[in-house]
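Take a look at the structure set out below.
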Amino acid sequence: MFLPSVDVVVVGAGPAGLLAAGKAAADGAKVLLLEKMEKPARKLRITGKGRCNITNAKPYLEFLDEIHPEPRFVRDAFNSFFNNDIVELLSSVGVETVQERGMRIFPASGKAWDVAEGLIKWAKSKGVTIINRASATSISVSNGRVVWVDYTVSSKDLHRVNCSAVILATGGKSYPATGSTGDGYTLARDCGHTITPLIPSLVGVETNPVFHLKDELNLKNVSLTLLVEGKQNDDEFGELELTAYGFNGPIMLRLSRKIVFALAKGSKVELLLDLKPALSHQKVGNRILREIDKNPRIAVIDLARKLLPKDLAFVMVDQLGIAAQKVLSRLSTSECNSIVQWLKEQRFEVTGHRSWNEAIVTAGGVSLKEVNPKSMESKLVGGLFFVGELLNLDASTGGYNLQIAYSTGWLAGTKAAESLR
Ligand SMILES: Cc1cc2nc3c(=O)[nH]c(=O)nc-3n(C[C@H](O)[C@H](O)[C@H](O)COP(=O)(O)OP(=O)(O)OC[C@H]3O[C@@H](n4cnc5c(N)ncnc54)[C@H](O)[C@@H]3O)c2cc1C
């Protein structure tokens, strides 16, 4: 397919690109949306473990607190299109939503796939032409303005399309199998833009030691404290996944951004795990003493199983070097203390983090200094816009990253169409 001339070319049909394309088309622009994969929004289809945490119902200011490194940058984008707007837009195409714990919004069907298909349906209903398997390879700039985009279809035929505006919505570098392979950074750099260091964020971390378990194990109501150069930096309470390499799961992901940046700086990073955060050291000690008084003939492993999931109970006695069948009445004071210490304060050195293949988002990207927050337009090249994860913006888990994509996409689509008039 060859379209000699359109108003706006949008590169990348993820949530940011679909919103940008649909809004520009709704405002009267002739829009071509290029998607390099065989179908749009592949990453969106696997979000939220296949359920898609669409956005978060938190009020504006609390929402901004979750965004890094410059929450102020998204103020205009959020003013133009916020959490209630995406809920309404999805409802208009038959995708109803529900609110869950932590004010997180999900599709009522529980299927991320429905959200992806809903956004595609919406964009097409506004008149967007989508070409799949179409990979943008270069953007031509003349007299300080974009003039055309070159792209290949199925990695073969080269096409050129003239345009007045280009919206780059190619996503970040994480989960490259979904199509987000970082092409946008090269395209942006070729247009003279600065890319801040790219770092995987919302990612599992590797530790020394690790728990030797048969399978991954999910723990609820535990806490992790982050130490950087020996100083307490942050802590999180909630669910944690113990893995063969270290830690993953909600509280680990929430701390991971700070960890990855600290590791990149060469800082010493440690984690303290508290398996009983609701109880002080003293209370855990008293609990053990009560058990010894009440059940002096039971084995240590039975005590451990009262305090921990079965697999972890075996790991505890093994690591502490206490015979599993030793009866409680024979436990020494120092063994009791070592159990309290193990439950309350295990220390792990962080040795690394998981790769781009497993990171949920990319921290770093197109420098915000070179993009106008009122329009998402480049300050260097007229008619060039940046949206979504490609920008140096990222957020915590909870639906915030997708909202950045919709809102920046919507604002860029509005302004790209406006610039034609
Ligand atoms: C496993 C996982 C779960 C997640 N869960 C959630 C969640 O529940 N809630 C949440 O808020 N966030 C979640 N995220 C993050 C969220 O998915 C991303 O922040 C969001 O998809 C970014 O949107 P985007 O449109 O900027 O980029 P992407 O969704 O990455 O889309 C970019 C698109 O551009 C295309 N593309 C790239 N290069 C080219 C090119 N040269 N030519 C043409 N097309 C190109 C890609 O194929 C892709 O389709 C999750 C991420 C992952 C990996």
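Ordering of the structure tokens sets the chain letters (A, B, ...); residue numbers start at 1 within each chain; ligands are numbered from 1 in the order shown.
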Test item: residues at most 9 Å from A:Ala264, only C-alpha atoms, excluding those fewer than 4 positions along its chain, as a PyMOL selection string: chain A and resi 199+259-260
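By only C-alpha atoms, and with residues fewer than 3 positions from A:Arg160 along its chain excluded, the set lying at most 7 Å from it is A:Pro4, A:Trp148, A:Val149, A:Asp150, A:Tyr151.
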Enumerate, in order of chain and increasing residue number, the residues of chain A with an atom no farther than 7 Å from ligand 1, each with its shortest atom pair and distance in Å to one decimal, counting only C-alpha atoms and all ligand atoms, as a Markdown table.
| residue | atom | partner | partner_atom_place_in_ligand_line | distance |
| --- | --- | --- | --- | --- |
| A:Val11 | CA | ligand 1 | 43 (C) | 4.9 |
| A:Gly12 | CA | ligand 1 | 34 (O) | 3.1 |
| A:Ala13 | CA | ligand 1 | 49 (O) | 4.8 |
| A:Gly14 | CA | ligand 1 | 31 (O) | 3.4 |
| A:Pro15 | CA | ligand 1 | 25 (O) | 4.1 |
| A:Ala16 | CA | ligand 1 | 25 (O) | 3.7 |
| A:Gly17 | CA | ligand 1 | 25 (O) | 5.5 |
| A:Leu34 | CA | ligand 1 | 43 (C) | 5.0 |
| A:Glu35 | CA | ligand 1 | 44 (N) | 3.8 |
| A:Lys36 | CA | ligand 1 | 44 (N) | 4.1 |
| A:Met37 | CA | ligand 1 | 47 (O) | 5.1 |
| A:Pro40 | CA | ligand 1 | 49 (O) | 5.4 |
| A:Ala41 | CA | ligand 1 | 49 (O) | 4.8 |
| A:Arg42 | CA | ligand 1 | 49 (O) | 5.8 |
| A:Lys43 | CA | ligand 1 | 29 (O) | 5.1 |
| A:Leu44 | CA | ligand 1 | 17 (O) | 5.2 |
| A:Ile46 | CA | ligand 1 | 1 (C) | 5.7 |
| A:Thr47 | CA | ligand 1 | 5 (N) | 3.4 |
| A:Gly48 | CA | ligand 1 | 8 (O) | 3.3 |
| A:Lys49 | CA | ligand 1 | 3 (C) | 6.3 |
| A:Cys52 | CA | ligand 1 | 8 (O) | 4.3 |
| A:Asn53 | CA | ligand 1 | 8 (O) | 3.7 |
| A:Ile54 | CA | ligand 1 | 9 (N) | 5.6 |
| A:Thr55 | CA | ligand 1 | 11 (O) | 5.9 |
| A:Ala134 | CA | ligand 1 | 43 (C) | 5.7 |
| A:Ser135 | CA | ligand 1 | 42 (N) | 3.5 |
| A:Ala136 | CA | ligand 1 | 42 (N) | 4.0 |
| A:Thr137 | CA | ligand 1 | 41 (N) | 5.9 |
| A:Ala169 | CA | ligand 1 | 26 (O) | 5.5 |
| A:Thr170 | CA | ligand 1 | 34 (O) | 3.5 |
| A:Gly171 | CA | ligand 1 | 27 (O) | 3.3 |
| A:Gly172 | CA | ligand 1 | 30 (O) | 5.8 |
| A:Ser174 | CA | ligand 1 | 53 (C) | 6.2 |
| A:Tyr175 | CA | ligand 1 | 53 (C) | 5.3 |
| A:Thr178 | CA | ligand 1 | 47 (O) | 6.0 |
| A:Gly179 | CA | ligand 1 | 47 (O) | 3.3 |
| A:Ser180 | CA | ligand 1 | 46 (C) | 4.6 |
| A:Thr181 | CA | ligand 1 | 37 (C) | 6.1 |
| A:Gly182 | CA | ligand 1 | 38 (N) | 6.5 |
| A:Asp183 | CA | ligand 1 | 38 (N) | 4.9 |
| A:Gly184 | CA | ligand 1 | 38 (N) | 6.0 |
| A:Ala359 | CA | ligand 1 | 53 (C) | 6.3 |
| A:Ile360 | CA | ligand 1 | 53 (C) | 4.0 |
| A:Val361 | CA | ligand 1 | 15 (C) | 5.6 |
| A:Val387 | CA | ligand 1 | 26 (O) | 6.3 |
| A:Gly388 | CA | ligand 1 | 26 (O) | 3.4 |
| A:Glu389 | CA | ligand 1 | 26 (O) | 3.9 |
| A:Leu390 | CA | ligand 1 | 26 (O) | 5.9 |
| A:Thr397 | CA | ligand 1 | 10 (C) | 6.5 |
| A:Gly398 | CA | ligand 1 | 9 (N) | 6.0 |
| A:Gly399 | CA | ligand 1 | 11 (O) | 3.2 |
| A:Tyr400 | CA | ligand 1 | 11 (O) | 4.6 |
| A:Asn401 | CA | ligand 1 | 11 (O) | 3.9 |
| A:Leu402 | CA | ligand 1 | 11 (O) | 3.7 |
| A:Gln403 | CA | ligand 1 | 11 (O) | 6.2 |
| A:Ala405 | CA | ligand 1 | 23 (O) | 5.1 |
Distance query stretch 333-349 of chain A at most 10 Å, only C-alpha atoms, self and fewer than 5 positions along chain excluded, as an MDAnalysis selection string: chainID A and resid 206:210 222:227 246 268:277 279:289 304 307:308 316:317 319:322 328
Gap from atom CA of A:Arg189 to atom CA of A:Ser367 - Å, one decimal: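 Interatomic distance here is 10.5 Å.
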Best match for closeness to A:Ile167 among A:Val300, A:Ala25, A:Ala412, A:Ile130, counting only C-alpha atoms: A:Ala412
